[in-house]
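S.K.: My questions all concern the structure below.
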Amino acid sequence: MLQAPSGEAADYKAWAKAGASGFLVSPAAERSTQWRTMLAEVRAGKAKPLFVADTLGRPWEEVLILAQAGFDYLINSTAWWDLRENWFLRQQQELGGLVPTLSSPEPLHGMRLAHRLTHADTAHYEAIYRGRYLVAATASSGLICPMGYEFASNVSFEAATARETDWDLVQEQAPFDLSDEIRRINNLKATMPVLQGEGELRVASAPGTLPAVIVRRSEYAPGEAACLVVNSSAHEHAVPPLSELAIAAGTARFVEPGKKKLVAFDDLAPYESRLLATAPQPKSKPLSPKESNKRLEALAANRVVIEGVAPELDGGRFPVKRVSGDMFEVQADIFCDGHDVIAAAILHRAPDAEAWSETPMTFVDNDRWAGSFPLTKIGRWTYTILAWRDLFATWRQEVAKKHDAGQSITLELAEGCEFVKRAAKAAEAKVGDELKSLARELTKIKDEGRLLGLLESADIANLMRRAGLRTNLSRYERDLEVTVDRPIAACAAWYELMPRSQSGDPLRHGTFDDVIARLPYVRDLGFDVLYFPPIHPIGKTNRKGRNNSLTPRPDDPGSPYAIGAKDGGHDAIHRELGNFDDFARLIEAARAHGLEIAIDFAIQCSPDHPWIKEHPEWFDWRPDGSIKFAENPPKKYEDIVNVHFYRDAVPSLWLALRDVVRFWIEKGVTIFRVDNPHTKPVPFWEWMIGDIQKEHPEAIFLAEAFTRPKMMKRLAKAGFTQSYSYFTWRNTKGEITDYLMELTKTEAAEYMRPNFFVNTPDINPVFLQTSGPAGFKTRLVLAATLDPLYGVYNGFELCEATPMPGKEEYLNSEKYEIRAWDWDRPGNIKDDVRLVNAIRRNNPALWHFTNLTFLNAWNDNIIAFYKMSAERDNLVIVAVNLDPHSAQGADFEVPLWEFGLPDNASIEAVDLVEDKRFTWNGKVQHVWLDPTIQPYAIWRLVPPGAV
């Protein structure tokens with residue numbers, strides 16, 4: 001490749017003919033049109049040289065113009081990125097759809113990296129150079145490496161100034177040679193699809209913290225991710241917790257590129273950079289019905305008491321919930337009669353594993369014991385507790401007391417030797433041999449003091465523990481379970497839309513291709529899950545018209561919930577949306593945009609559903625022979641009939657419905673929003689979800705059950721991954737506080753994951769009808785920061801709230817007609833949605849639910865709360881004006897106590913809305929929120945001593 005001056009097409013053709021495979025040029029923005037024409041002319045010839053545009057140092061407006069001029073690549077600004085600021089990510093996002101980019105580990109012109117390392121110890125230079133090259137390899141489509149970088153050269157090899165002897169001198173004086181490492185990284189770049197193309201690039205670590213975590217995705221590797229962990233300091237740093245990496249990358253399984261063994265997360269050395277690749281989730285082996293029904297029988301009565309186990313849900317009847325990457329803590333009250341020393345351990349078994357693992361428990365206080373282990377795989381884990389009397393530890397304790405009291409311990413020493421002999425017989429070979437040798441040595445020692453010292457030594461205590469001499473070994477009477485889901489099951493932003501309304505024309509039915517065209521919009525707003533109401537054929541009998549009218553017009557599309565027609569039922573696609581090939585393309589396109597598709601699983605049928613003729617025994621019939629329509633008196637749903645689940649429908653209907661879910665999983669869908677599950681038998685859900693997740697632990701089920709609290713909770717216990725909630729109707733400070741305390745501080749937190757949808761096609765909340773854009777912003781921020789799971793139905797970002805008079809329903813609802821939306825109409829809050837979702841992504845404290853704490857704010861119209869990460873390095877405070885019509889202010893407390901600071905201390909904070917840094921002095925501060933400007937404030941506290 002030649003670094004060429006601006007020329008004419010004939011010049012480039014001549015150079016290409018002479019053997020040049022490409023050209024590095026510095027084009028002028030005002031000639032972008034001429035460049036496009038000239039590039040096309042050059043490429044029309046036999047030679048197809050590459051053209052790389054060097055736009056470094058140009059105004060961003062000019063860069064964007066040249067990005068569209070037809071160049072093969074454009075050199076980006078990786079060399080100047082400090083891995084903390086977001087400007088580079090924004091640039092890459094803007095360039096991503098225009099032109100591929102090349103990264104350089106150091107500037108191509110001017111001062112080289114060696115000139116900029118005056119702050120670093122020369123002993124760290126090699127690690128810095130390696131790290132910058134890894135960043136460049138991760139950041140874009142390709143690499144361009146300045147000559148001499150591998151030798152840390154400070155010589156500028158410009159054609160006009162370079163001397164013939166410079167290259168030899170650089171090699172002779174090189175502090176190191178990175179050639180092999182660069183060759184290795186280049187090979188990774190060439191062989192790892194996730195590092196190819198532009199794709200998604202984001203910093204997943206908390207702002208201002210080390211190490212930095214960069215997550216890379218690519219359309220060439222759907223579902224995969226690469227994590228680059230960079231320690232840009234002269235000190236060792238721990239790798240971020242597995243739970244944070246799991247949420248950032250979508251899995252808790254990481255390997256070194258090109259290897260299969262899961263990595264061990266050792267600390268990062270100064271300036272060390274580590275590239276990790278995500279490992280595929282091993283396929284779970286389905287259990288047979290016999291295995292799934294098998295239960296462990298209780299052991300005989302145990303001497304050591306094990307009770308008060310936590311977490312334990314309904315006596316072990318149901319599993320608790322966690323996500324992969326969590327450290328799972330188990331506690332219990334463990335004690336025994338008398339004064340003997342006891343010991344305890346957690347037994348735990350991963351999904352599909354045959355062998356148990358054991359983790360020691362430690363004494364906490366007042367007979368309370370605790371231990372924890374990492375959840376590294378999705379699926380159903382099993383755990384229980386062992387406890388036993390440790391007679392040797394008891395002997396040591398007692399003999400020490402007698403010796404200190406001056407009592408004779410001759411017999412006690414003989415007992416100690418007997419313990420060693422018994423342990424030697426019971427222990428496995430290696431430990432047993434060591435103990436036998438020790439026992440022989442003990443018989444030769446006549447001095448009591450020396451014998452006591454040896455028996456009380458830490459080495460012998462460790463040997464005896466390894467021997468496993470456990471007296472009165474007791475096992476907790478139940479084996480308990482924890483369902484471990486993918487991170488997206490607990491932390492995700494959902495966006496709901498009607499595919500048929502995506503054409504932009506109310507007279508044309510939308511297609512899956514129209515939805516594909518909308519994917520960049522959804523991802524740009526920061527959403528993770530794109531959810532569709534039913535996409536199946538819609539019946540014509542008793543079809544509903546606009547606004548739920550009983551007299552439809554011939555062209556009315558009907559409700560998508562009236563499922564079933566001559567084209568098929570729950571395993572078919574509505575013809576006007578497209579076919580299964582189109583749907584497959586949609587799934588792949590969504591994955592390439594970092595989105596997962598969720599579909600509706602609605603167990604109801606139109607009168608035209610094929611099942612009615614094929615399986616009349618699944619439905620209710622009236623005495624006159626007519627089928628019974630769905631109703632919720634006084635409401636009637638003439639376009640829908642319900643199945644019944646018992647009588648002759650068992651087990652055939654249950655199996656058929658399970659197979660519908662299996663069918664869509666095979667089509668690439670693993671997230672299901674379930675319509676009205678509270679109107680179907682709970683045992684069905686427990687059986688069906690459990691059966692599906694044995695084979696597909698990645699499957700997620702959201703319960704749309706706006707019903708009584710106990711039924712909502714029972715459905716969550718029965719297996720639903722997520723639940724709709726009452727948040728939609730909790731508007732006052734007291735209502736919100738009480739409800740969130742119930743969800744986060746009671747047993748419900750162990751099994752119920754609420755998804756705070758702010759609106760749905762069925763629910764147009766009165767608060768939104770009457771509050772204008774300020775109210776929409778208020779509900780957005782509350783939902784997105786109180787809960788790591790939240791969702792919106794399209795139109796929310798446009799502040800759509802026109803109601804049916806006197807109802808919580810939308811006028812001209814998409815449920816009954818095709819709509820066309822102006823996505824840029826005045827008054828929208830898209831910028832707020834985008835900002836809030838970005839704040840969620842960038843702050844690990846907001847990735848969790850139960851870490852919520854409300855703050856004193858002395859005004860009932862102002863609600864304030866905070867969340868803090870378990871590592872205490874990320875604390876976010878949110879304040880919201882609940883009055884959408886009037887400005888409100890309040891004194892509130894800043895949680896200085898979380899950092900051990902006194903009430904009069906100062907602390908730095910970052911305004912995440914305005915992107916400003918400032919200092920708060922004292923615990924009590926004041927906030928003023930004007931709904932006409934911004935009804936919310938979001939701050940991040942900077943921990944004392946943090947970067």
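Labels for the structure tokens follow display order: chains A, B, ..., residues from 1 in each chain, ligands from 1.
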Give me, as a PyMOL selection string, all polymer residues having an atom no more than 12 Å from region 737-748 of chain A, counting only C-alpha atoms and skipping those fewer than 3 positions away in the same chain.
M.R.: chain A and resi 310-314+320-321+709-710+712-717+723+725-734+751-756+782-783+785-787+848-856+860+862-865+867
S.K.: Set the distance at 12 Å and use only C-alpha atoms: which residues neighbour Tyr646 (chain A) once local chain neighbours fewer than 4 positions away are removed? I'd like the list as a PyMOL selection string.
M.R.: chain A and resi 617-620+650-654+680-681+683-684
S.K.: How would the residues just chosen look if you wrote them out with all heavy atoms as a tab-separated table (two decimals), in the first residue's frame?
M.R.:
chain	number	residue	atom	x	y	z
A	617	GLU	N	-62.76	-31.76	21.89
A	617	GLU	CA	-62.76	-32.08	23.32
A	617	GLU	C	-61.96	-31.07	24.15
A	617	GLU	O	-62.01	-31.10	25.38
A	617	GLU	CB	-62.19	-33.49	23.54
A	617	GLU	CG	-60.69	-33.66	23.32
A	617	GLU	CD	-60.28	-33.84	21.87
A	617	GLU	OE1	-61.13	-33.63	20.98
A	617	GLU	OE2	-59.10	-34.21	21.63
A	618	TRP	N	-61.22	-30.18	23.48
A	618	TRP	CA	-60.45	-29.17	24.20
A	618	TRP	C	-61.27	-27.92	24.51
A	618	TRP	O	-60.76	-27.01	25.15
A	618	TRP	CB	-59.23	-28.76	23.38
A	618	TRP	CG	-58.19	-29.83	23.21
A	618	TRP	CD1	-58.17	-31.06	23.78
A	618	TRP	CD2	-57.00	-29.73	22.40
A	618	TRP	NE1	-57.05	-31.76	23.39
A	618	TRP	CE2	-56.31	-30.97	22.54
A	618	TRP	CE3	-56.46	-28.75	21.58
A	618	TRP	CZ2	-55.11	-31.23	21.89
A	618	TRP	CZ3	-55.26	-29.00	20.94
A	618	TRP	CH2	-54.59	-30.23	21.08
A	619	PHE	N	-62.53	-27.86	24.06
A	619	PHE	CA	-63.31	-26.63	24.18
A	619	PHE	C	-64.62	-26.89	24.92
A	619	PHE	O	-65.07	-28.04	25.06
A	619	PHE	CB	-63.59	-26.04	22.79
A	619	PHE	CG	-62.32	-25.69	22.05
A	619	PHE	CD1	-61.67	-26.62	21.22
A	619	PHE	CD2	-61.75	-24.43	22.17
A	619	PHE	CE1	-60.51	-26.31	20.56
A	619	PHE	CE2	-60.59	-24.11	21.51
A	619	PHE	CZ	-59.96	-25.05	20.70
A	620	ASP	N	-65.23	-25.80	25.38
A	620	ASP	CA	-66.53	-25.90	26.06
A	620	ASP	C	-67.64	-25.62	25.05
A	620	ASP	O	-67.56	-24.66	24.26
A	620	ASP	CB	-66.59	-24.89	27.21
A	620	ASP	CG	-65.70	-25.29	28.37
A	620	ASP	OD1	-65.73	-26.47	28.75
A	620	ASP	OD2	-64.98	-24.42	28.91
A	650	VAL	N	-56.60	-33.59	29.09
A	650	VAL	CA	-55.39	-34.03	29.75
A	650	VAL	C	-55.02	-35.43	29.24
A	650	VAL	O	-55.87	-36.34	29.28
A	650	VAL	CB	-55.58	-34.07	31.28
A	650	VAL	CG1	-54.31	-34.57	31.96
A	650	VAL	CG2	-55.94	-32.69	31.82
A	651	PRO	N	-53.79	-35.66	28.76
A	651	PRO	CA	-52.68	-34.72	28.69
A	651	PRO	C	-52.50	-34.07	27.31
A	651	PRO	O	-51.55	-33.33	27.09
A	651	PRO	CB	-51.48	-35.61	29.00
A	651	PRO	CG	-51.84	-36.90	28.32
A	651	PRO	CD	-53.33	-37.05	28.47
A	652	SER	N	-53.38	-34.40	26.36
A	652	SER	CA	-53.12	-34.03	24.96
A	652	SER	C	-52.97	-32.52	24.76
A	652	SER	O	-52.07	-32.07	24.04
A	652	SER	CB	-54.23	-34.58	24.06
A	652	SER	OG	-55.51	-34.10	24.48
A	653	LEU	N	-53.85	-31.72	25.37
A	653	LEU	CA	-53.74	-30.26	25.22
A	653	LEU	C	-52.45	-29.75	25.84
A	653	LEU	O	-51.75	-28.91	25.27
A	653	LEU	CB	-54.95	-29.57	25.85
A	653	LEU	CG	-54.86	-28.04	25.90
A	653	LEU	CD1	-54.85	-27.45	24.50
A	653	LEU	CD2	-55.98	-27.45	26.74
A	654	TRP	N	-52.13	-30.25	27.03
A	654	TRP	CA	-50.91	-29.81	27.71
A	654	TRP	C	-49.69	-30.07	26.84
A	654	TRP	O	-48.81	-29.21	26.69
A	654	TRP	CB	-50.76	-30.54	29.05
A	654	TRP	CG	-51.83	-30.21	30.07
A	654	TRP	CD1	-53.14	-30.00	29.82
A	654	TRP	CD2	-51.65	-30.08	31.47
A	654	TRP	NE1	-53.81	-29.75	31.00
A	654	TRP	CE2	-52.92	-29.80	32.03
A	654	TRP	CE3	-50.56	-30.21	32.32
A	654	TRP	CZ2	-53.11	-29.62	33.38
A	654	TRP	CZ3	-50.74	-30.03	33.68
A	654	TRP	CH2	-52.00	-29.74	34.22
A	680	LYS	N	-55.30	-19.57	33.49
A	680	LYS	CA	-55.01	-20.97	33.17
A	680	LYS	C	-54.49	-21.66	34.44
A	680	LYS	O	-53.95	-21.00	35.33
A	680	LYS	CB	-53.96	-21.10	32.05
A	680	LYS	CG	-54.49	-20.74	30.65
A	680	LYS	CD	-54.54	-19.24	30.43
A	680	LYS	CE	-55.09	-18.88	29.05
A	680	LYS	NZ	-55.29	-17.41	28.91
A	681	PRO	N	-54.60	-22.97	34.53
A	681	PRO	CA	-54.22	-23.65	35.77
A	681	PRO	C	-52.73	-23.49	36.09
A	681	PRO	O	-51.87	-23.67	35.23
A	681	PRO	CB	-54.55	-25.12	35.49
A	681	PRO	CG	-55.55	-25.09	34.37
A	681	PRO	CD	-55.19	-23.90	33.54
A	683	PRO	N	-50.86	-25.51	37.88
A	683	PRO	CA	-50.08	-26.75	37.66
A	683	PRO	C	-49.61	-26.90	36.22
A	683	PRO	O	-48.53	-27.45	35.98
A	683	PRO	CB	-51.07	-27.86	38.04
A	683	PRO	CG	-51.99	-27.22	39.02
A	683	PRO	CD	-52.15	-25.80	38.54
A	684	PHE	N	-50.41	-26.44	35.27
A	684	PHE	CA	-49.97	-26.52	33.88
A	684	PHE	C	-48.69	-25.72	33.68
A	684	PHE	O	-47.74	-26.19	33.04
A	684	PHE	CB	-51.06	-26.01	32.93
A	684	PHE	CG	-50.54	-25.71	31.54
A	684	PHE	CD1	-50.22	-26.73	30.68
A	684	PHE	CD2	-50.33	-24.39	31.13
A	684	PHE	CE1	-49.71	-26.46	29.40
A	684	PHE	CE2	-49.82	-24.11	29.87
A	684	PHE	CZ	-49.52	-25.15	29.00
S.K.: Which residues, written as a compact mmCIF listing (two decimals) with all heavy atoms, in the first residue's frame, have at least one atom at most 8 Å from Glu106 (chain A), with only C-alpha atoms counted and residues fewer than 2 positions away on the same chain left out?
M.R.:
# COMPACT_ATOMS: atom_id res chain seq x y z
N THR A 78 -8.64 5.69 17.47
CA THR A 78 -8.33 4.79 18.57
C THR A 78 -7.08 5.23 19.33
O THR A 78 -7.00 5.11 20.55
CB THR A 78 -8.13 3.35 18.05
OG1 THR A 78 -9.27 2.95 17.30
CG2 THR A 78 -7.90 2.38 19.18
N ALA A 79 -6.09 5.71 18.61
CA ALA A 79 -4.80 6.03 19.24
C ALA A 79 -4.93 7.08 20.33
O ALA A 79 -4.07 7.18 21.21
CB ALA A 79 -3.82 6.51 18.16
N TRP A 80 -5.99 7.89 20.29
CA TRP A 80 -6.14 8.96 21.29
C TRP A 80 -7.19 8.62 22.36
O TRP A 80 -7.46 9.40 23.24
CB TRP A 80 -6.56 10.27 20.61
CG TRP A 80 -5.42 10.90 19.86
CD1 TRP A 80 -4.49 11.76 20.33
CD2 TRP A 80 -5.09 10.68 18.48
NE1 TRP A 80 -3.60 12.10 19.36
CE2 TRP A 80 -3.94 11.46 18.20
CE3 TRP A 80 -5.64 9.89 17.47
CZ2 TRP A 80 -3.36 11.49 16.95
CZ3 TRP A 80 -5.05 9.92 16.22
CH2 TRP A 80 -3.93 10.71 15.96
N SER A 104 -5.29 2.32 14.82
CA SER A 104 -3.84 2.31 14.97
C SER A 104 -3.51 2.39 16.45
O SER A 104 -4.17 3.12 17.20
CB SER A 104 -3.21 3.50 14.23
OG SER A 104 -1.82 3.56 14.49
N LEU A 108 -0.45 8.08 13.62
CA LEU A 108 0.31 7.85 12.39
C LEU A 108 1.28 9.00 12.10
O LEU A 108 2.25 8.82 11.37
CB LEU A 108 -0.65 7.68 11.21
CG LEU A 108 -1.57 6.45 11.24
CD1 LEU A 108 -2.41 6.40 9.98
CD2 LEU A 108 -0.77 5.17 11.39
N ARG A 112 5.02 9.99 18.61
CA ARG A 112 4.72 8.58 18.72
C ARG A 112 4.42 8.23 20.17
O ARG A 112 4.61 9.03 21.09
CB ARG A 112 5.88 7.74 18.19
CG ARG A 112 6.23 8.07 16.73
CD ARG A 112 7.06 7.00 16.10
NE ARG A 112 6.34 5.74 15.96
CZ ARG A 112 6.71 4.75 15.15
NH1 ARG A 112 7.79 4.89 14.40
NH2 ARG A 112 6.03 3.63 15.10
N LEU A 113 3.94 7.01 20.38
CA LEU A 113 3.55 6.58 21.73
C LEU A 113 4.71 6.69 22.69
O LEU A 113 4.54 7.06 23.86
CB LEU A 113 3.04 5.13 21.68
CG LEU A 113 2.56 4.53 23.00
CD1 LEU A 113 1.45 5.36 23.61
CD2 LEU A 113 2.09 3.09 22.78
N ARG A 132 -2.16 -1.44 24.03
CA ARG A 132 -2.69 -0.52 23.01
C ARG A 132 -2.94 -1.27 21.69
O ARG A 132 -3.90 -0.96 20.97
CB ARG A 132 -1.71 0.64 22.75
CG ARG A 132 -1.56 1.61 23.88
CD ARG A 132 -2.87 2.17 24.38
NE ARG A 132 -3.65 2.81 23.33
CZ ARG A 132 -4.82 3.39 23.54
NH1 ARG A 132 -5.35 3.41 24.75
NH2 ARG A 132 -5.49 3.93 22.54
N CYS A 145 -0.59 -0.53 11.47
CA CYS A 145 0.45 -0.44 12.49
C CYS A 145 1.62 0.38 11.95
O CYS A 145 2.24 0.02 10.94
CB CYS A 145 0.92 -1.84 12.87
SG CYS A 145 2.16 -1.85 14.18
N PRO A 146 1.95 1.48 12.60
CA PRO A 146 3.09 2.30 12.15
C PRO A 146 4.40 1.52 12.21
O PRO A 146 4.62 0.72 13.13
CB PRO A 146 3.10 3.47 13.14
CG PRO A 146 1.70 3.54 13.66
CD PRO A 146 1.25 2.12 13.72
S.K.: Looking at only C-alpha atoms, which of A:Val431, A:Cys336, A:Asn579, A:Leu411 is the one that sits closest to Asp390 (chain A)?
M.R.: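 For Asp390 (chain A), the nearest of the given residues is A:Cys336.
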S.K.: I'd like to know which of A:Glu817, A:Glu614, A:Asp762, A:Glu448 is closest to Ser501 (chain A), using only C-alpha atoms.
M.R.: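 The shortest atom-to-atom distance to Ser501 (chain A) comes from A:Glu817.
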S.K.: Just the residues within 12 Å of Ile627 (chain A), please, counting only C-alpha atoms, with nothing from its chain fewer than 6 positions along; format it as a list in words.
M.R.: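 After dropping sequence-adjacent residues, the list is Cys605, Ser606, Pro607, Asp608, Ile612, Lys613, Pro616, Glu617, Trp618, Phe619, Asp620, Trp621, Glu638, Asp639, Ile640, Val641, Asn642 and Val643 of chain A.
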S.K.: Run DSSP on the backbone and grab whatever in region 619-722 of chain A lands in strand (DSSP E or B); send it over as a ChimeraX atom specification.
M.R.: /A:619,621,627,629-632,635-641,643,671-675,700-704,722
S.K.: How would the residues just chosen look if you wrote them out with N, CA and C atoms as a PDB file, in the first residue's frame?
M.R.:
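So the final result, stored in selection19.pdb, reads:
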ATOM      1  N   PHE A 619     -62.529 -27.864  24.059  1.00  0.00           N
ATOM      2  CA  PHE A 619     -63.310 -26.628  24.181  1.00  0.00           C
ATOM      3  C   PHE A 619     -64.621 -26.893  24.918  1.00  0.00           C
ATOM      4  N   TRP A 621     -68.703 -26.424  25.120  1.00  0.00           N
ATOM      5  CA  TRP A 621     -69.835 -26.295  24.191  1.00  0.00           C
ATOM      6  C   TRP A 621     -71.113 -26.086  24.991  1.00  0.00           C
ATOM      7  N   ILE A 627     -70.398 -23.171  20.369  1.00  0.00           N
ATOM      8  CA  ILE A 627     -69.188 -23.091  21.178  1.00  0.00           C
ATOM      9  C   ILE A 627     -69.312 -21.918  22.137  1.00  0.00           C
ATOM     10  N   PHE A 629     -68.006 -18.735  23.885  1.00  0.00           N
ATOM     11  CA  PHE A 629     -67.013 -17.686  23.673  1.00  0.00           C
ATOM     12  C   PHE A 629     -66.398 -17.273  25.009  1.00  0.00           C
ATOM     13  N   ALA A 630     -65.253 -16.606  24.914  1.00  0.00           N
ATOM     14  CA  ALA A 630     -64.595 -16.098  26.113  1.00  0.00           C
ATOM     15  C   ALA A 630     -65.381 -14.924  26.664  1.00  0.00           C
ATOM     16  N   GLU A 631     -65.444 -14.833  27.985  1.00  0.00           N
ATOM     17  CA  GLU A 631     -66.088 -13.686  28.601  1.00  0.00           C
ATOM     18  C   GLU A 631     -65.560 -13.497  30.011  1.00  0.00           C
ATOM     19  N   ASN A 632     -65.600 -12.271  30.440  1.00  0.00           N
ATOM     20  CA  ASN A 632     -65.288 -11.885  31.815  1.00  0.00           C
ATOM     21  C   ASN A 632     -66.402 -10.939  32.222  1.00  0.00           C
ATOM     22  N   LYS A 635     -68.021  -8.273  30.413  1.00  0.00           N
ATOM     23  CA  LYS A 635     -67.350  -8.181  29.127  1.00  0.00           C
ATOM     24  C   LYS A 635     -67.479  -9.499  28.366  1.00  0.00           C
ATOM     25  N   LYS A 636     -67.637  -9.386  27.029  1.00  0.00           N
ATOM     26  CA  LYS A 636     -67.670 -10.551  26.165  1.00  0.00           C
ATOM     27  C   LYS A 636     -66.637 -10.386  25.057  1.00  0.00           C
ATOM     28  N   TYR A 637     -66.030 -11.500  24.685  1.00  0.00           N
ATOM     29  CA  TYR A 637     -65.011 -11.492  23.643  1.00  0.00           C
ATOM     30  C   TYR A 637     -65.445 -12.475  22.558  1.00  0.00           C
ATOM     31  N   GLU A 638     -66.380 -12.023  21.687  1.00  0.00           N
ATOM     32  CA  GLU A 638     -66.973 -12.914  20.705  1.00  0.00           C
ATOM     33  C   GLU A 638     -65.985 -13.433  19.670  1.00  0.00           C
ATOM     34  N   ASP A 639     -64.817 -12.762  19.537  1.00  0.00           N
ATOM     35  CA  ASP A 639     -63.836 -13.208  18.540  1.00  0.00           C
ATOM     36  C   ASP A 639     -62.861 -14.227  19.114  1.00  0.00           C
ATOM     37  N   ILE A 640     -63.083 -14.643  20.363  1.00  0.00           N
ATOM     38  CA  ILE A 640     -62.145 -15.554  21.028  1.00  0.00           C
ATOM     39  C   ILE A 640     -62.910 -16.665  21.731  1.00  0.00           C
ATOM     40  N   VAL A 641     -62.357 -17.880  21.687  1.00  0.00           N
ATOM     41  CA  VAL A 641     -62.837 -18.989  22.514  1.00  0.00           C
ATOM     42  C   VAL A 641     -61.647 -19.534  23.290  1.00  0.00           C
ATOM     43  N   VAL A 643     -59.657 -22.578  25.511  1.00  0.00           N
ATOM     44  CA  VAL A 643     -59.557 -24.007  25.745  1.00  0.00           C
ATOM     45  C   VAL A 643     -59.814 -24.272  27.223  1.00  0.00           C
ATOM     46  N   ILE A 671     -37.596 -16.103  24.255  1.00  0.00           N
ATOM     47  CA  ILE A 671     -38.269 -15.248  25.241  1.00  0.00           C
ATOM     48  C   ILE A 671     -39.751 -15.188  24.872  1.00  0.00           C
ATOM     49  N   PHE A 672     -40.593 -15.488  25.863  1.00  0.00           N
ATOM     50  CA  PHE A 672     -42.033 -15.549  25.629  1.00  0.00           C
ATOM     51  C   PHE A 672     -42.762 -14.686  26.653  1.00  0.00           C
ATOM     52  N   ARG A 673     -43.558 -13.764  26.157  1.00  0.00           N
ATOM     53  CA  ARG A 673     -44.485 -13.028  27.013  1.00  0.00           C
ATOM     54  C   ARG A 673     -45.794 -13.803  26.982  1.00  0.00           C
ATOM     55  N   VAL A 674     -46.291 -14.216  28.147  1.00  0.00           N
ATOM     56  CA  VAL A 674     -47.449 -15.104  28.230  1.00  0.00           C
ATOM     57  C   VAL A 674     -48.676 -14.285  28.609  1.00  0.00           C
ATOM     58  N   ASP A 675     -49.695 -14.359  27.755  1.00  0.00           N
ATOM     59  CA  ASP A 675     -50.907 -13.562  27.931  1.00  0.00           C
ATOM     60  C   ASP A 675     -51.819 -14.205  28.979  1.00  0.00           C
ATOM     61  N   ILE A 700     -37.014 -17.917  28.566  1.00  0.00           N
ATOM     62  CA  ILE A 700     -37.491 -16.912  29.526  1.00  0.00           C
ATOM     63  C   ILE A 700     -38.984 -16.735  29.319  1.00  0.00           C
ATOM     64  N   PHE A 701     -39.725 -16.679  30.435  1.00  0.00           N
ATOM     65  CA  PHE A 701     -41.172 -16.529  30.379  1.00  0.00           C
ATOM     66  C   PHE A 701     -41.596 -15.334  31.231  1.00  0.00           C
ATOM     67  N   LEU A 702     -42.275 -14.379  30.603  1.00  0.00           N
ATOM     68  CA  LEU A 702     -42.807 -13.202  31.287  1.00  0.00           C
ATOM     69  C   LEU A 702     -44.309 -13.367  31.466  1.00  0.00           C
ATOM     70  N   ALA A 703     -44.765 -13.292  32.708  1.00  0.00           N
ATOM     71  CA  ALA A 703     -46.186 -13.467  33.019  1.00  0.00           C
ATOM     72  C   ALA A 703     -46.915 -12.128  32.959  1.00  0.00           C
ATOM     73  N   GLU A 704     -47.863 -12.039  32.029  1.00  0.00           N
ATOM     74  CA  GLU A 704     -48.728 -10.843  31.964  1.00  0.00           C
ATOM     75  C   GLU A 704     -49.960 -11.142  32.824  1.00  0.00           C
ATOM     76  N   GLN A 722     -40.190 -13.796  34.814  1.00  0.00           N
ATOM     77  CA  GLN A 722     -40.491 -12.395  35.104  1.00  0.00           C
ATOM     78  C   GLN A 722     -42.002 -12.237  35.261  1.00  0.00           C
TER      79      GLN A 722
END
S.K.: Could you tell me how far CA of Ala344 (chain A) lies from CA of Asp479 (chain A), in Å and to one decimal?
M.R.: 15.5 Å
S.K.: Name all residues at most 10 Å from region 356-363 of chain A (count only C-alpha atoms; drop same-chain ones fewer than 4 positions away) and give them as a PyMOL selection string.
M.R.: chain A and resi 329-334+342-350+367-373+382-387
S.K.: Which one is closest to Val766 (chain A): A:Val792, A:Trp15, A:Val203, A:Tyr810? Count only C-alpha atoms.
M.R.: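 With only C-alpha atoms as the atom set, the closest residue is A:Tyr810.
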S.K.: Between A:Met147, A:Leu507, A:Ile75, A:Ala427, which residue has the minimum interatomic distance to Pro100 (chain A), considering only C-alpha atoms?
M.R.: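 Smallest distance to Pro100 (chain A) is found for A:Ile75.
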S.K.: Using DSSP assignments from the backbone, pull out every residue in region 609-753 of chain A that falls under helix (DSSP H, G or I) and give it to me as an NGL selection string.
M.R.: :A and (610-614 or 616-618 or 647-649 or 652-666 or 677-679 or 682-695 or 709-718 or 726-729 or 733-745 or 747-750)
S.K.: With a distance cut-off of 8 Å and only C-alpha atoms, select the neighbouring residues of Pro788 (chain A), excluding the residue or stretch itself and same-chain residues fewer than 3 positions from it, and output the selection as JSON, numbers by chain.
M.R.: {"A": [490, 491, 492, 493, 784, 785, 840, 846, 847, 848, 849]}
S.K.: Find the residues near Pro5 (chain A): any atom within 9 Å, counting only C-alpha atoms, skip ones fewer than 4 places away on the same chain, and give them as an NGL selection string.
M.R.: :A and (24-27)
S.K.: For the residues selected in the previous step, produce a file with C-alpha atoms as a compact mmCIF listing (two decimals), in the first residue's frame.
M.R.:
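Okay, result_3.txt is ready:
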# COMPACT_ATOMS: atom_id res chain seq x y z
CA LEU A 24 -3.42 5.83 1.91
CA VAL A 25 -4.68 9.29 1.00
CA SER A 26 -5.55 12.51 2.82
CA PRO A 27 -8.66 13.66 0.97
S.K.: Distance CA of Arg841 (chain A)-CA of Thr932 (chain A), one decimal place?
M.R.: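 The value is 26.6 Å.
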